file run-v7.csv (CSV, C-alpha atoms and all ligand atoms)
chain,number,residue,atom,x,y,z
A,249,MET,CA,0.0,0.0,0.0
A,250,ASP,CA,1.1,3.6,-0.7
A,251,ARG,CA,2.1,5.8,2.2
A,252,THR,CA,2.2,9.6,2.4
A,253,PHE,CA,3.4,12.1,4.9
A,254,VAL,CA,0.8,14.8,6.0
A,255,MET,CA,1.4,17.6,8.5
A,256,VAL,CA,-1.1,20.0,10.0
A,257,LYS,CA,0.9,23.2,10.2
A,258,PRO,CA,1.0,25.5,13.3
A,259,ASP,CA,-2.0,27.6,12.1
A,260,GLY,CA,-4.1,24.5,11.7
A,261,VAL,CA,-3.1,23.3,15.2
A,262,GLN,CA,-3.8,26.7,16.7
A,263,ARG,CA,-7.2,26.9,15.0
A,264,GLY,CA,-8.3,23.5,16.3
A,265,LEU,CA,-8.5,21.9,12.9
A,266,VAL,CA,-6.5,18.7,13.7
A,267,GLY,CA,-9.7,16.7,14.5
A,268,GLU,CA,-11.5,17.8,11.4
A,269,ILE,CA,-8.5,17.1,9.1
A,270,VAL,CA,-7.9,13.7,10.6
A,271,SER,CA,-11.6,12.9,10.3
A,272,ARG,CA,-11.5,13.6,6.6
A,273,PHE,CA,-8.7,11.2,5.9
A,274,GLU,CA,-10.3,8.5,8.1
A,275,ALA,CA,-13.6,9.0,6.4
A,276,LYS,CA,-11.9,8.6,3.0
A,277,GLY,CA,-10.7,5.2,4.0
A,278,LEU,CA,-7.1,5.9,4.6
A,279,LYS,CA,-5.3,4.1,7.4
A,280,LEU,CA,-3.4,6.1,10.1
A,281,ALA,CA,0.1,4.6,10.4
A,282,GLY,CA,1.7,7.2,12.6
A,283,ALA,CA,1.0,10.5,14.4
A,284,LYS,CA,2.7,13.0,16.7
A,285,LEU,CA,2.5,16.6,17.9
A,286,GLU,CA,5.9,18.2,17.6
A,287,LEU,CA,7.7,21.6,17.5
A,288,LEU,CA,10.0,21.0,14.6
A,289,PRO,CA,13.7,21.8,14.9
A,290,GLU,CA,15.2,24.0,12.2
A,291,GLU,CA,17.3,21.2,10.6
A,292,ARG,CA,14.2,19.2,9.9
A,293,VAL,CA,12.3,22.2,8.5
A,294,VAL,CA,15.3,22.9,6.1
A,295,GLU,CA,15.3,19.3,5.1
A,296,GLN,CA,11.6,19.2,4.6
A,297,TYR,CA,11.6,22.3,2.4
A,298,ARG,CA,15.1,22.0,0.8
A,299,GLU,CA,13.7,22.6,-2.7
A,300,HIS,CA,12.6,26.1,-1.5
A,301,LEU,CA,15.8,27.1,0.3
A,302,GLN,CA,16.7,29.8,-2.2
A,303,LYS,CA,13.1,31.2,-2.6
A,304,PRO,CA,12.4,34.7,-1.2
A,305,PHE,CA,9.5,33.2,0.9
A,306,PHE,CA,11.8,30.6,2.6
A,307,PRO,CA,12.7,32.6,5.8
A,308,GLY,CA,9.0,33.4,6.4
A,309,LEU,CA,8.0,29.9,5.7
A,310,ALA,CA,10.6,28.5,8.2
A,311,ALA,CA,9.5,31.0,10.9
A,312,TYR,CA,5.8,30.0,10.3
A,313,ILE,CA,6.5,26.3,10.5
A,314,MET,CA,8.5,26.7,13.7
A,315,SER,CA,6.0,29.2,15.3
A,316,GLY,CA,4.2,26.4,17.2
A,317,PRO,CA,3.7,22.6,17.2
A,318,CYS,CA,2.8,20.8,14.0
A,319,PHE,CA,0.7,17.6,13.9
A,320,LEU,CA,2.7,15.0,11.9
A,321,THR,CA,0.9,12.0,10.4
A,322,VAL,CA,1.4,9.1,8.0
A,323,TRP,CA,-1.5,7.7,6.0
A,324,GLU,CA,-1.7,4.5,4.0
A,325,GLY,CA,-4.0,3.4,1.2
A,326,LYS,CA,-4.4,2.8,-2.5
A,327,GLY,CA,-2.9,5.8,-4.3
A,328,ALA,CA,-2.5,7.7,-1.0
A,329,VAL,CA,-0.1,10.3,-2.2
A,330,ALA,CA,-2.3,11.6,-5.1
A,331,VAL,CA,-5.5,11.1,-3.2
A,332,VAL,CA,-4.3,13.3,-0.3
A,333,ARG,CA,-2.9,16.0,-2.5
A,334,SER,CA,-6.3,16.3,-4.2
A,335,MET,CA,-8.0,16.4,-0.8
A,336,ILE,CA,-5.7,19.3,0.5
A,337,GLY,CA,-6.2,21.4,-2.6
A,338,ALA,CA,-4.0,24.0,-4.4
A,339,THR,CA,-1.1,25.6,-2.6
A,340,ASN,CA,-2.8,29.0,-2.7
A,341,PRO,CA,-6.0,28.6,-0.7
A,342,ALA,CA,-7.6,31.4,-2.8
A,343,GLU,CA,-7.4,29.0,-5.7
A,344,ALA,CA,-8.1,25.8,-3.9
A,345,ALA,CA,-11.4,24.1,-4.7
A,346,PRO,CA,-14.2,24.3,-2.2
A,347,GLY,CA,-14.4,21.0,-0.5
A,348,SER,CA,-10.6,20.7,-0.3
A,349,ILE,CA,-9.0,21.4,3.1
A,350,ARG,CA,-7.2,24.5,1.9
A,351,GLY,CA,-10.3,25.6,0.0
A,352,ASP,CA,-12.5,25.2,3.1
A,353,PHE,CA,-10.2,26.4,5.8
A,354,ALA,CA,-7.6,29.0,4.6
A,355,LEU,CA,-7.3,32.3,2.7
A,356,ASP,CA,-3.5,33.1,2.5
A,357,ILE,CA,-0.7,31.2,0.7
A,358,GLY,CA,1.5,31.9,3.7
A,359,ARG,CA,-1.0,30.3,6.1
A,360,ASN,CA,-2.3,27.3,4.2
A,361,VAL,CA,-2.9,24.9,7.2
A,362,ILE,CA,-1.5,21.7,5.8
A,363,HIS,CA,1.4,20.0,4.0
A,364,ALA,CA,1.3,16.7,2.1
A,365,SER,CA,4.0,14.9,0.1
A,366,ASP,CA,3.7,15.6,-3.7
A,367,SER,CA,5.0,12.3,-5.0
A,368,PRO,CA,5.8,8.8,-3.8
A,369,GLU,CA,9.6,9.7,-3.8
A,370,SER,CA,8.9,12.8,-1.6
A,371,ALA,CA,6.7,10.8,0.7
A,372,ALA,CA,9.5,8.3,1.3
A,373,ARG,CA,12.0,11.1,1.8
A,374,GLU,CA,9.8,13.1,4.1
A,375,LEU,CA,8.8,10.1,6.2
A,376,GLY,CA,12.5,9.4,6.7
A,377,ILE,CA,13.0,13.0,8.0
A,378,HIS,CA,10.3,12.9,10.5
A,379,PHE,CA,9.6,9.3,11.7
A,380,ALA,CA,11.7,6.5,12.9
A,381,SER,CA,10.6,3.1,11.7
A,382,GLY,CA,9.5,2.1,15.2
A,383,GLU,CA,7.1,5.0,15.3
A,384,LEU,CA,5.0,3.6,12.4
A,385,ALA,CA,2.4,1.1,13.1
A,386,ASP,CA,1.9,-1.9,10.8
A,387,TYR,CA,-1.6,-3.3,11.4
A,388,SER,CA,-4.8,-4.5,9.6
A,389,LYS,CA,-7.9,-2.5,9.8
A,390,ILE,CA,-11.3,-4.1,10.0
A,391,ASP,CA,-12.7,-2.1,7.1
A,392,GLU,CA,-10.1,-3.2,4.5
A,393,PRO,CA,-12.2,-6.1,3.0
A,394,VAL,CA,-15.0,-3.7,2.2
A,395,LEU,CA,-12.9,-0.7,1.2
A,396,TYR,CA,-11.0,-2.4,-1.6
A,397,GLU,CA,-12.1,-4.5,-4.6
P,1,LIG,P1,2.7,22.7,-1.5
P,1,LIG,O1,2.7,22.9,0.0
P,1,LIG,O2,1.3,22.8,-2.0
P,1,LIG,O3,3.5,21.5,-1.9
P,1,LIG,P2,5.0,24.3,-2.4
P,1,LIG,O4,5.1,25.1,-3.6
P,1,LIG,O5,5.8,23.1,-2.3
P,1,LIG,O6,3.5,24.0,-2.1
P,1,LIG,O7,5.4,25.3,-1.2
P,1,LIG,C1,5.6,24.8,0.1
P,1,LIG,C2,5.0,25.8,1.1
P,1,LIG,O8,5.7,27.0,1.0
P,1,LIG,C3,3.5,26.1,0.8
P,1,LIG,O9,2.6,25.2,1.3
P,1,LIG,C4,3.4,27.4,1.6
P,1,LIG,O10,3.3,27.2,3.0
P,1,LIG,C5,4.8,28.1,1.3
P,1,LIG,N1,4.7,29.0,0.1
P,1,LIG,C6,4.8,28.6,-1.2
P,1,LIG,N2,4.8,29.7,-2.0
P,1,LIG,C7,4.7,30.7,-1.2
P,1,LIG,C8,4.6,32.2,-1.4
P,1,LIG,O11,4.6,32.7,-2.5
P,1,LIG,N3,4.5,32.9,-0.3
P,1,LIG,C9,4.5,32.4,1.0
P,1,LIG,N4,4.6,31.1,1.2
P,1,LIG,C10,4.6,30.3,0.2
P,2,MG,MG,5.5,21.1,-2.0
call {"tool": "encode", "arguments": {"input": "run-v7.csv", "output": "structure tokens", "more": "lines below"}}
Ligand code: IDP
Ligand code: MG
result
Amino acid sequence: MDRTFVMVKPDGVQRGLVGEIVSRFEAKGLKLAGAKLELLPEERVVEQYREHLQKPFFPGLAAYIMSGPCFLTVWEGKGAVAVVRSMIGATNPAEAAPGSIRGDFALDIGRNVIHASDSPESAARELGIHFASGELADYSKIDEPVLYE
């Protein structure tokens, strides 16, 4: 099964959106494989966003991500990476479709509530930055026989 890394950013945690966001992924049928609330150290923020290091918004992005605890999760399921990307919506919440998380809960590109890996390669990389293998749970869920063909 595919795995993806999803993080509720500090604005989402502060606004009490963790439960709503987790509920959406659970209702979709994805399986929670790991979760923790954590204030990220700078090294992991730099690793996470290394493709954006030279961008003008990077210092503001890093300060935002370290402004409070993030809720880090790992979700498993068929096509999980692409499914979750479509559920979070476009990077700029003003352009994110209604019904998506950013479309429903955010207004500003600099405060867009949630991160999710954009490819299976990024998912593997980001998982490795934030979770030790012992922090991920490998288990069967009772709805699997009715969720999948
Ligand atoms: P993504 O989160 O949808 O994958 P990326 O382009 O990878 O979007 O950007 C990573 C994060 O950097 C965004 O989610 C957002 O928090 C921040 N970001 C991207 N572009 C801007 C910008 O123009 N201004 C402020 N923050 C930005
Ligand atoms: Mg990205």
call {"tool": "closest_atom_pairs", "arguments": {"input": "run-v7.csv", "of": "stretch 374-395 of chain A", "to": "stretch 251-274 of chain A", "cutoff": "9 Å", "atoms": "all atoms listed in the file", "output": "Markdown table"}}
result
| residue | atom | partner | partner_atom | distance |
| --- | --- | --- | --- | --- |
| A:Glu374 | CA | A:Phe253 | CA | 6.5 |
| A:Leu375 | CA | A:Phe253 | CA | 5.9 |
| A:His378 | CA | A:Phe253 | CA | 8.9 |
call {"tool": "write_last_selection", "arguments": {"input": "run-v7.csv", "atoms": "C-alpha atoms", "output": "short mmCIF file (atom, residue, chain, number, x, y, z; two decimals), in the frame of the given file"}}
result
data_model
loop_
_atom_site.label_atom_id
_atom_site.label_comp_id
_atom_site.auth_asym_id
_atom_site.auth_seq_id
_atom_site.Cartn_x
_atom_site.Cartn_y
_atom_site.Cartn_z
CA GLU A 374 9.80 13.10 4.10
CA LEU A 375 8.80 10.10 6.20
CA HIS A 378 10.30 12.90 10.50
#
call {"tool": "residues_around", "arguments": {"input": "run-v7.csv", "residues": "A:Thr339", "least_positions_apart": "2", "cutoff": "7 Å", "atoms": "all atoms listed in the file", "output": "PyMOL selection string"}}
result
chain A and resi 337+341+357
call {"tool": "residues_near_ligand", "arguments": {"input": "run-v7.csv", "ligand": "ligand LIG 1 (chain P)", "cutoff": "10 Å", "atoms": "only C-alpha atoms and all ligand atoms", "output": "MDAnalysis selection string"}}
result
chainID A and resid 257 296:300 303:310 312:313 333 336:341 350 356:367
call {"tool": "atom_distance", "arguments": {"input": "run-v7.csv", "atom1": "atom CA of A:Glu397", "atom2": "atom CA of A:Ala330"}}
result
18.9 Å
call {"tool": "atom_distance", "arguments": {"input": "run-v7.csv", "atom1": "atom CA of A:Leu320", "atom2": "atom CA of A:Ala372"}}
result
14.3 Å
call {"tool": "atom_distance", "arguments": {"input": "run-v7.csv", "atom1": "atom CA of A:Ser388", "atom2": "atom CA of A:Val331"}}
result
20.2 Å
call {"tool": "closest_residue", "arguments": {"input": "run-v7.csv", "among": "A:Ala354, A:Val394, A:Met335, A:Ala371", "to": "ligand MG 2 (chain P)", "atoms": "all atoms listed in the file"}}
result
A:Ala371
call {"tool": "closest_residue", "arguments": {"input": "run-v7.csv", "among": "A:Arg292, A:Lys279, A:Lys389, A:Arg373", "to": "A:Trp323", "atoms": "only C-alpha atoms"}}
result
A:Lys279
call {"tool": "closest_residue", "arguments": {"input": "run-v7.csv", "among": "A:Ser334, A:Thr321, A:Ser370, A:Ser348", "to": "ligand MG 2 (chain P)", "atoms": "all atoms listed in the file"}}
result
A:Ser370
call {"tool": "axis_aligned_box", "arguments": {"input": "run-v7.csv", "around": "stretch 388-396 of chain A", "padding_each_side": "5 Å", "output": "AutoDock Vina command-line options"}}
result
--center_x -9.9 --center_y -3.4 --center_z 4.2 --size_x 20.2 --size_y 15.4 --size_z 21.6
